[in-house]
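Participant: Next comes protein09.cif, mmCIF, C-alpha atoms:
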```cif
data_data
loop_
_atom_site.label_atom_id
_atom_site.label_comp_id
_atom_site.auth_asym_id
_atom_site.auth_seq_id
_atom_site.Cartn_x
_atom_site.Cartn_y
_atom_site.Cartn_z
CA MET A 436 -9.39 7.70 20.87
CA LYS A 437 -8.83 4.24 19.46
CA ALA A 438 -8.92 2.92 15.91
CA LEU A 439 -9.15 -0.72 14.85
CA ILE A 440 -7.63 -1.31 11.42
CA LEU A 441 -8.70 -4.41 9.49
CA ALA A 442 -5.39 -5.68 8.12
CA GLY A 443 -5.93 -9.40 7.68
CA GLY A 444 -6.97 -9.62 4.02
CA PHE A 445 -5.24 -11.79 1.43
CA GLY A 446 -5.26 -9.23 -1.41
CA THR A 447 -6.14 -11.86 -4.01
CA ARG A 448 -6.74 -9.34 -6.81
CA LEU A 449 -3.13 -8.16 -6.56
CA ARG A 450 -1.51 -11.56 -6.83
CA PRO A 451 1.22 -12.70 -7.32
CA LEU A 452 2.69 -9.76 -5.37
CA THR A 453 0.51 -10.51 -2.34
CA CYS A 454 1.92 -14.04 -2.19
CA THR A 455 5.09 -12.62 -0.64
CA ARG A 456 3.84 -9.56 1.31
CA PRO A 457 0.54 -8.26 2.73
CA LYS A 458 -1.23 -5.74 0.51
CA LEU A 459 -1.07 -3.13 3.25
CA MET A 460 2.74 -3.22 3.00
CA PHE A 461 2.73 -2.38 -0.72
CA PRO A 462 4.73 0.80 -1.41
CA VAL A 463 2.78 3.94 -2.24
CA ALA A 464 5.15 6.78 -3.15
CA ASN A 465 7.80 4.54 -1.54
CA ARG A 466 6.02 4.29 1.82
CA PRO A 467 3.94 1.27 2.90
CA LEU A 468 0.22 1.83 2.37
CA LEU A 469 -0.49 1.23 6.07
CA ASP A 470 2.13 3.82 7.00
CA TRP A 471 0.08 6.49 5.20
CA VAL A 472 -3.05 5.33 7.04
CA LEU A 473 -1.38 5.50 10.45
CA GLY A 474 0.01 8.94 9.66
CA GLU A 475 -3.49 10.29 8.97
CA LEU A 476 -4.87 8.74 12.16
CA SER A 477 -2.12 10.33 14.22
CA LYS A 478 -2.85 13.77 12.74
CA ASN A 479 -6.47 13.34 13.81
CA GLY A 480 -5.78 12.66 17.47
CA ILE A 481 -5.90 8.85 17.52
CA THR A 482 -3.79 7.62 20.44
CA THR A 483 -4.08 3.84 20.01
CA ALA A 484 -4.18 1.87 16.75
CA ILE A 485 -5.11 -1.81 16.92
CA LEU A 486 -4.14 -3.90 13.90
CA ALA A 487 -6.45 -6.87 13.28
CA VAL A 488 -3.99 -9.16 11.52
CA ASN A 489 -4.01 -12.65 10.07
CA TYR A 490 -2.12 -13.13 6.79
CA MET A 491 1.66 -12.61 7.29
CA ALA A 492 1.00 -10.94 10.65
CA ASP A 493 4.68 -10.95 11.64
CA VAL A 494 5.51 -8.57 8.78
CA PHE A 495 3.42 -5.87 10.46
CA VAL A 496 4.87 -6.53 13.90
CA ARG A 497 8.47 -6.31 12.63
CA TYR A 498 7.86 -3.08 10.70
CA PHE A 499 5.62 -1.10 13.05
CA GLY A 500 6.55 -2.51 16.44
CA LYS A 501 4.79 -1.10 19.51
CA SER A 502 4.44 2.54 18.47
CA LYS A 503 4.31 4.76 15.39
CA TYR A 504 3.78 8.50 14.98
CA GLY A 505 3.30 8.82 18.74
CA MET A 506 0.50 6.24 18.77
CA ARG A 507 0.50 2.99 20.70
CA ILE A 508 0.28 0.02 18.31
CA LEU A 509 -1.49 -3.15 19.47
CA TYR A 510 -2.15 -6.38 17.57
CA SER A 511 -5.18 -8.65 17.49
CA ARG A 512 -4.28 -11.91 15.74
CA GLU A 513 -6.83 -14.09 13.98
CA THR A 514 -6.11 -17.81 13.73
CA LYS A 515 -8.70 -18.10 10.95
CA PRO A 516 -10.49 -15.59 8.71
CA LEU A 517 -13.32 -13.88 10.59
CA GLY A 518 -14.78 -11.67 7.89
CA THR A 519 -15.22 -7.93 8.46
CA ALA A 520 -17.08 -8.01 11.80
CA GLY A 521 -15.49 -11.05 13.49
CA PRO A 522 -12.12 -9.25 13.90
CA ILE A 523 -13.91 -6.37 15.67
CA LYS A 524 -15.40 -8.79 18.20
CA LYS A 525 -12.07 -10.56 18.67
CA ALA A 526 -10.34 -7.27 19.53
CA GLU A 527 -12.94 -6.45 22.17
CA THR A 528 -10.60 -6.97 25.12
CA LEU A 529 -8.02 -4.56 23.63
CA MET A 530 -10.67 -1.84 23.51
CA SER A 531 -12.12 -2.49 26.99
CA GLU A 532 -10.06 0.16 28.82
CA ASP A 533 -12.93 2.60 28.32
CA GLU A 534 -16.42 2.59 26.89
CA GLU A 535 -15.87 5.40 24.37
CA PRO A 536 -16.91 4.92 20.74
CA PHE A 537 -14.07 3.71 18.53
CA PHE A 538 -13.10 3.87 14.86
CA VAL A 539 -12.97 0.86 12.56
CA LEU A 540 -11.42 1.18 9.13
CA ASN A 541 -10.35 -0.97 6.24
CA GLY A 542 -6.58 -0.77 6.00
CA ASP A 543 -6.56 -0.64 2.20
CA ILE A 544 -8.26 2.77 2.04
CA LEU A 545 -6.30 5.96 1.41
CA SER A 546 -8.26 8.95 2.63
CA THR A 547 -7.88 12.42 4.12
CA ILE A 548 -11.23 12.22 5.91
CA ASP A 549 -11.60 14.46 8.97
CA TYR A 550 -11.83 11.78 11.66
CA ARG A 551 -12.60 14.34 14.36
CA ALA A 552 -15.61 15.65 12.41
CA LEU A 553 -16.83 12.09 11.83
CA TYR A 554 -16.54 11.35 15.56
CA LYS A 555 -18.46 14.51 16.47
CA ALA A 556 -21.22 13.69 13.96
CA HIS A 557 -21.54 10.26 15.58
CA LEU A 558 -21.91 11.73 19.06
CA ASP A 559 -24.34 14.42 17.91
CA SER A 560 -26.66 11.91 16.22
CA LYS A 561 -26.60 9.52 19.21
CA ALA A 562 -26.17 6.67 16.73
CA ARG A 563 -24.87 3.22 17.63
CA ALA A 564 -22.87 3.21 14.39
CA THR A 565 -21.92 5.90 11.87
CA ILE A 566 -20.55 5.11 8.42
CA ALA A 567 -18.37 7.52 6.44
CA LEU A 568 -19.98 7.94 3.00
CA HIS A 569 -18.36 8.94 -0.27
CA GLU A 570 -20.07 9.54 -3.61
CA VAL A 571 -18.81 7.52 -6.59
CA GLU A 572 -19.85 7.15 -10.20
CA ASP A 573 -20.27 3.35 -10.10
CA PRO A 574 -21.58 2.14 -6.71
CA SER A 575 -22.02 -1.51 -7.73
CA ARG A 576 -18.65 -2.53 -6.21
CA PHE A 577 -19.55 -1.21 -2.77
CA GLY A 578 -22.11 -1.07 0.01
CA VAL A 579 -24.69 1.58 -0.89
CA VAL A 580 -26.98 3.53 1.44
CA GLU A 581 -30.28 5.36 1.32
CA LEU A 582 -30.37 8.37 3.66
CA ASN A 583 -33.10 10.58 5.05
CA GLU A 584 -32.77 14.31 5.75
CA LYS A 585 -31.32 13.60 9.22
CA ASN A 586 -28.52 11.43 7.74
CA GLN A 587 -30.14 8.34 9.18
CA ILE A 588 -29.49 5.30 6.99
CA LEU A 589 -32.80 3.78 5.95
CA ARG A 590 -31.31 0.96 3.88
CA PHE A 591 -27.87 -0.57 3.51
CA ILE A 592 -27.35 -2.73 0.41
CA GLU A 593 -24.04 -4.50 -0.15
CA LYS A 594 -22.86 -4.50 -3.80
CA PRO A 595 -26.20 -3.92 -5.56
CA LYS A 596 -26.65 -4.94 -9.17
CA SER A 597 -26.03 -2.27 -11.78
CA GLY A 598 -28.94 0.14 -11.92
CA GLU A 599 -30.45 -1.06 -8.62
CA ALA A 600 -28.47 1.11 -6.18
CA PRO A 601 -30.65 3.51 -4.15
CA SER A 602 -27.94 6.22 -4.37
CA HIS A 603 -24.31 6.83 -5.31
CA LEU A 604 -23.29 7.19 -1.67
CA ILE A 605 -21.11 4.25 -0.75
CA ASN A 606 -19.59 2.81 2.39
CA ALA A 607 -16.11 4.35 2.48
CA GLY A 608 -14.75 1.68 4.83
CA VAL A 609 -14.49 3.97 7.88
CA TYR A 610 -16.90 3.69 10.83
CA VAL A 611 -17.47 4.90 14.36
CA LEU A 612 -19.05 2.21 16.56
CA ASP A 613 -20.41 2.30 20.08
CA HIS A 614 -19.22 -0.53 22.32
CA SER A 615 -22.78 -1.86 22.40
CA VAL A 616 -22.39 -2.93 18.75
CA LEU A 617 -19.98 -5.61 19.97
CA ASP A 618 -22.92 -7.28 21.72
CA ILE A 619 -24.61 -8.19 18.43
CA ILE A 620 -21.50 -9.67 16.79
CA PRO A 621 -21.19 -13.44 17.39
CA ASP A 622 -17.94 -14.50 18.99
CA GLY A 623 -15.43 -16.69 17.13
CA LYS A 624 -17.38 -16.79 13.85
CA GLU A 625 -16.86 -15.35 10.39
CA VAL A 626 -19.27 -12.41 10.27
CA SER A 627 -19.82 -9.71 7.64
CA ILE A 628 -20.45 -6.27 9.09
CA GLU A 629 -21.89 -5.16 5.76
CA ARG A 630 -24.34 -8.03 5.27
CA GLU A 631 -25.16 -9.08 8.84
CA ILE A 632 -24.64 -6.13 11.20
CA PHE A 633 -25.37 -2.90 9.32
CA PRO A 634 -28.78 -4.07 8.01
CA VAL A 635 -29.83 -4.89 11.60
CA LEU A 636 -28.75 -1.46 12.84
CA ALA A 637 -30.49 0.24 9.90
CA ASN A 638 -33.70 -1.65 10.67
CA ASP A 639 -33.46 -0.48 14.30
CA LYS A 640 -32.91 3.14 13.13
CA GLU A 641 -29.52 3.24 14.86
CA LEU A 642 -27.27 3.53 11.79
CA PHE A 643 -26.25 6.98 10.51
CA GLY A 644 -24.09 8.32 7.72
CA TYR A 645 -21.45 11.03 7.46
CA ARG A 646 -20.78 12.43 3.98
CA PHE A 647 -17.32 13.67 3.05
CA GLU A 648 -15.77 14.86 -0.21
CA SER A 649 -12.02 14.76 0.49
CA LEU A 650 -9.50 12.30 -0.94
CA TRP A 651 -10.63 8.67 -1.00
CA VAL A 652 -9.09 5.75 -2.90
CA ASP A 653 -10.03 2.09 -2.39
CA ILE A 654 -7.02 -0.09 -3.28
CA GLY A 655 -8.53 -3.30 -4.56
CA LYS A 656 -7.37 -3.81 -8.14
CA PRO A 657 -4.10 -3.03 -9.97
CA HIS A 658 -5.63 0.10 -11.52
CA ASP A 659 -6.69 1.33 -8.05
CA TYR A 660 -3.20 0.73 -6.66
CA ILE A 661 -1.56 2.68 -9.50
CA LEU A 662 -4.10 5.47 -9.00
CA ALA A 663 -3.34 5.61 -5.26
CA ASN A 664 0.36 5.99 -6.03
CA LYS A 665 -0.43 8.81 -8.46
CA VAL A 666 -2.65 10.59 -5.94
CA MET A 667 -0.06 10.42 -3.16
CA LEU A 668 2.73 11.59 -5.46
CA ASN A 669 0.56 14.61 -6.26
CA THR A 670 0.17 15.38 -2.55
CA ILE A 671 3.94 15.44 -2.01
CA ALA A 672 4.84 17.07 -5.33
CA ALA A 673 6.13 20.23 -3.65
CA GLN A 674 8.89 18.25 -1.94
CA ASN A 675 12.04 16.69 -3.35
CA HIS A 676 11.62 12.92 -3.30
CA ILE A 677 14.84 11.89 -4.95
CA GLU A 678 16.57 10.43 -1.91
CA ARG A 679 20.21 10.78 -1.04
CA GLY A 680 22.20 7.78 -2.12
CA SER A 681 20.44 7.46 -5.46
CA LYS A 682 22.43 7.93 -8.67
CA VAL A 683 20.48 9.84 -11.28
CA SER A 684 22.43 10.82 -14.41
CA ARG A 685 22.39 14.48 -15.32
CA LYS A 686 21.49 13.33 -18.81
CA ALA A 687 18.39 11.47 -17.58
CA LYS A 688 15.02 13.23 -17.78
CA ILE A 689 13.02 13.28 -14.54
CA ILE A 690 9.41 14.48 -14.94
CA PRO A 691 7.83 15.21 -11.54
CA PRO A 692 6.16 14.09 -9.46
CA VAL A 693 8.30 11.04 -8.78
CA ALA A 694 9.65 9.14 -5.78
CA ILE A 695 13.15 7.72 -6.20
CA ALA A 696 14.60 5.75 -3.27
CA LYS A 697 18.20 5.44 -2.14
CA GLY A 698 20.45 3.09 -4.08
CA THR A 699 18.44 3.57 -7.26
CA VAL A 700 20.34 4.12 -10.53
CA VAL A 701 18.88 6.04 -13.49
CA GLU A 702 21.21 6.13 -16.48
CA ALA A 703 21.63 8.72 -19.23
CA ASP A 704 18.81 9.17 -21.75
CA ALA A 705 16.35 7.38 -19.47
CA VAL A 706 13.01 9.08 -18.75
CA VAL A 707 11.34 8.66 -15.36
CA GLY A 708 7.91 10.14 -14.67
CA PRO A 709 5.50 11.55 -14.32
CA TYR A 710 3.98 9.50 -11.47
CA ALA A 711 6.75 6.92 -11.14
CA SER A 712 7.84 5.37 -7.84
CA LEU A 713 11.19 3.58 -7.89
CA GLY A 714 12.00 1.51 -4.81
CA GLU A 715 15.38 1.03 -3.20
CA GLY A 716 18.07 -0.35 -5.51
CA VAL A 717 16.06 -0.12 -8.74
CA VAL A 718 18.11 0.18 -11.94
CA ILE A 719 16.79 2.02 -15.02
CA LYS A 720 19.20 1.53 -17.93
CA ARG A 721 19.99 3.90 -20.77
CA GLY A 722 17.12 4.91 -23.04
CA SER A 723 14.33 3.33 -20.99
CA ARG A 724 11.13 5.04 -19.85
CA VAL A 725 9.06 4.50 -16.68
CA GLU A 726 5.75 6.38 -16.40
CA ASN A 727 2.79 6.11 -14.00
CA SER A 728 4.20 2.90 -12.58
CA ILE A 729 5.44 1.37 -9.34
CA LEU A 730 8.72 -0.53 -9.26
CA PHE A 731 9.40 -2.54 -6.12
CA PRO A 732 12.95 -2.65 -4.69
CA HIS A 733 15.80 -4.01 -6.82
CA ALA A 734 13.79 -4.26 -10.04
CA TRP A 735 15.94 -3.92 -13.18
CA VAL A 736 14.79 -2.29 -16.42
CA ASP A 737 17.24 -2.87 -19.26
CA CYS A 738 18.05 -0.55 -22.16
CA SER A 739 15.30 1.00 -24.30
CA ALA A 740 12.43 -0.65 -22.42
CA SER A 741 9.10 1.04 -21.66
CA VAL A 742 7.08 0.54 -18.46
CA LYS A 743 3.80 2.48 -18.43
CA ASN A 744 0.79 2.05 -16.11
CA ALA A 745 2.28 -1.10 -14.61
CA ILE A 746 3.55 -2.71 -11.39
CA VAL A 747 6.93 -4.45 -11.33
CA GLY A 748 7.76 -6.74 -8.42
CA GLU A 749 10.87 -6.95 -6.30
CA GLY A 750 14.00 -8.12 -8.11
CA ALA A 751 12.20 -8.54 -11.44
CA ILE A 752 14.29 -8.18 -14.59
CA ILE A 753 12.81 -6.39 -17.60
CA GLY A 754 14.80 -7.05 -20.79
CA SER A 755 15.84 -4.63 -23.53
CA TRP A 756 13.15 -3.24 -25.83
CA VAL A 757 10.41 -4.70 -23.64
CA LYS A 758 7.06 -2.89 -23.51
CA ILE A 759 4.81 -3.29 -20.43
CA GLU A 760 1.57 -1.36 -19.93
CA MET A 761 -2.18 -1.44 -19.17
CA ASP A 762 -2.19 -2.34 -15.44
CA CYS A 763 0.11 -5.34 -15.89
CA ILE A 764 1.69 -6.93 -12.82
CA VAL A 765 5.16 -8.48 -13.10
CA GLY A 766 5.82 -10.80 -10.17
CA ASP A 767 8.80 -10.78 -7.83
CA HIS A 768 12.01 -12.02 -9.47
CA ALA A 769 10.30 -12.63 -12.82
CA ILE A 770 12.45 -12.36 -15.94
CA ILE A 771 10.93 -10.79 -19.05
CA ASP A 772 13.04 -11.61 -22.14
CA ASN A 773 14.13 -8.99 -24.66
CA ASN A 774 11.61 -7.62 -27.19
CA VAL A 775 8.51 -8.88 -25.33
CA THR A 776 5.28 -6.82 -25.12
CA LEU A 777 2.92 -7.30 -22.13
CA THR A 778 -0.56 -5.76 -21.97
CA CYS A 779 -3.60 -6.68 -19.89
#
```
For this file, produce the structure as structure tokens.

Facilitator:
Amino acid sequence: MKALILAGGFGTRLRPLTCTRPKLMFPVANRPLLDWVLGELSKNGITTAILAVNYMADVFVRYFGKSKYGMRILYSRETKPLGTAGPIKKAETLMSEDEEPFFVLNGDILSTIDYRALYKAHLDSKARATIALHEVEDPSRFGVVELNEKNQILRFIEKPKSGEAPSHLINAGVYVLDHSVLDIIPDGKEVSIEREIFPVLANDKELFGYRFESLWVDIGKPHDYILANKVMLNTIAAQNHIERGSKVSRKAKIIPPVAIAKGTVVEADAVVGPYASLGEGVVIKRGSRVENSILFPHAWVDCSASVKNAIVGEGAIIGSWVKIEMDCIVGDHAIIDNNVTLTC
């Protein structure tokens, strides 16, 4: 089975950190987001993963190479943005070895969906396309569907206004598509699968849904990214994730779950956790606290500072008695002077 992963987005809502790395390479529990995605695909029997890349494509090639987790890794490079359907059409030749249905998924989704069950549901329904559906409290940020009793999608509405959604079942960013769907996607153009392809398939009664209730996190905003880190730390809580080569004082307080990478220093009287991820070479000085936050490699938190519900970029310096919270993002190599408070 093959899976095409849409990995070409710019991640504008997570700037300035996405100015220097693709969003899919952001650390989640000290592993790149895309690494988690590939791991789940491998567990579900995917043999080939095709990365549809554009922005900073070489970063992916250098990190993942030609194989990962026993899967073959291929790359489909866009020279210009092609939306959410254009990259699928562009990768057509890489999927032409067979005519089997294939997966398409947004790379910025963390999920434990049963891909095999989704694939079987697609075959059983004889659909041309099947969308994984997840129920959320506020569907206005997503594509929303109306289903009948046979799980056929009667309507697909992208980002409806508040109060106008036909249900709370949203497009979870994972699909199974027949090869014939490629025939209705224009070549070389920017095309939206949500606005231009799914409504056509729904009108032709060839679009079906597959409901699932397992883990699902869409990483779009800072709050979502912090939540994803928290969720993944919970999933690995039974394991020790303080890596060898880190220096954690016996007088520091570590509240699990945490992920502490090699080369990291945590001094006496510092408090780390719960839900803190400290990248390689991070320094947490005496008396500081880091909670429910993500610190990229080589960030420095000086004495008696507090970082809570925040994201701190690579090499950033947080001064003494600084307070950072409320989904704040500190950019790479930024310097926050002593006694400053940052909230969003």

Participant: Can you list, as a PyMOL selection string, every protein, DNA or RNA residue that comes within 10 Å of Leu668 of chain A when you count only C-alpha atoms, leaving out same-chain residues fewer than 3 positions away?

Facilitator: chain A and resi 463-465+662-665+671-674+676+691-694+709-712

Participant: To verify the selection step, state as a CSV table (one decimal) with C-alpha atoms, in the frame of the given file which residues the PyMOL selection byres ((chain A and resi 505) around 10) yields on this input.

Facilitator:
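After the write, expr37.csv holds the following:
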```csv
chain,number,residue,atom,x,y,z
A,474,GLY,CA,0.0,8.9,9.7
A,477,SER,CA,-2.1,10.3,14.2
A,478,LYS,CA,-2.8,13.8,12.7
A,480,GLY,CA,-5.8,12.7,17.5
A,481,ILE,CA,-5.9,8.8,17.5
A,482,THR,CA,-3.8,7.6,20.4
A,483,THR,CA,-4.1,3.8,20.0
A,502,SER,CA,4.4,2.5,18.5
A,503,LYS,CA,4.3,4.8,15.4
A,504,TYR,CA,3.8,8.5,15.0
A,506,MET,CA,0.5,6.2,18.8
A,507,ARG,CA,0.5,3.0,20.7
A,508,ILE,CA,0.3,0.0,18.3
```

Participant: Residues near segment 449-460 of chain A, anyone? I mean within 6 Å using all atoms listed in the file, not counting same-chain ones fewer than 4 positions away, as a list in words.

Facilitator: Pro467, Leu468, Leu469 and Gly766 of chain A

Participant: Would you translate the PyMOL selection byres ((chain A and resi 649) around 10) into the concrete set of residues it matches in this file, as a tab-separated table (two decimals) with C-alpha atoms, in the coordinates of the input?

Facilitator:
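And here is the file that came out, part25.tsv:
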```tsv
chain	number	residue	atom	x	y	z
A	546	SER	CA	-8.26	8.95	2.63
A	547	THR	CA	-7.88	12.42	4.12
A	548	ILE	CA	-11.23	12.22	5.91
A	549	ASP	CA	-11.60	14.46	8.97
A	569	HIS	CA	-18.36	8.94	-0.27
A	646	ARG	CA	-20.78	12.43	3.98
A	647	PHE	CA	-17.32	13.67	3.05
A	648	GLU	CA	-15.77	14.86	-0.21
A	650	LEU	CA	-9.50	12.30	-0.94
A	651	TRP	CA	-10.63	8.67	-1.00
```

Participant: Suppose you want the space between atom CA of Ser681 of chain A and atom CA of Arg721 of chain A; what is it in Å?

Facilitator: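 Going from atom CA of Ser681 of chain A over to atom CA of Arg721 of chain A, I get 15.7 Å.
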
Participant: Out of A:Ala600, A:Met667, A:Ile605, A:Val616, which residue has the shortest atom-to-atom distance to Val472 of chain A when counting all atoms listed in the file?

Facilitator: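 Checking each of A:Ala600, A:Met667, A:Ile605, A:Val616 against Val472 of chain A, counting all atoms listed in the file, the winner is A:Met667.
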
Participant: Point out the residue among A:Leu486, A:Ile654, A:Ala703, A:Leu713 with the least atom-to-atom distance to Glu678 of chain A, counting all atoms listed in the file.

Facilitator: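 So, comparing all the options, the nearest one is A:Leu713.
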
Participant: Rounded to one decimal in Å, what is the spacing between atom CA of Leu473 of chain A and atom CA of Lys501 of chain A?

Facilitator: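 So the two atoms, atom CA of Leu473 of chain A and atom CA of Lys501 of chain A, lie 12.8 Å apart.
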
Participant: Pick the closest to Asn773 of chain A from A:Leu589, A:Val666, A:Ser741, A:Glu760: which is it, counting all atoms listed in the file?

Facilitator: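 Looking only at the distances to Asn773 of chain A, the closest residue turns out to be A:Ser741.
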
Participant: What is the atom CA of Val742 of chain A to atom CA of Phe461 of chain A distance in Å?

Facilitator: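 Computing it gives 18.5 Å between the two atoms.
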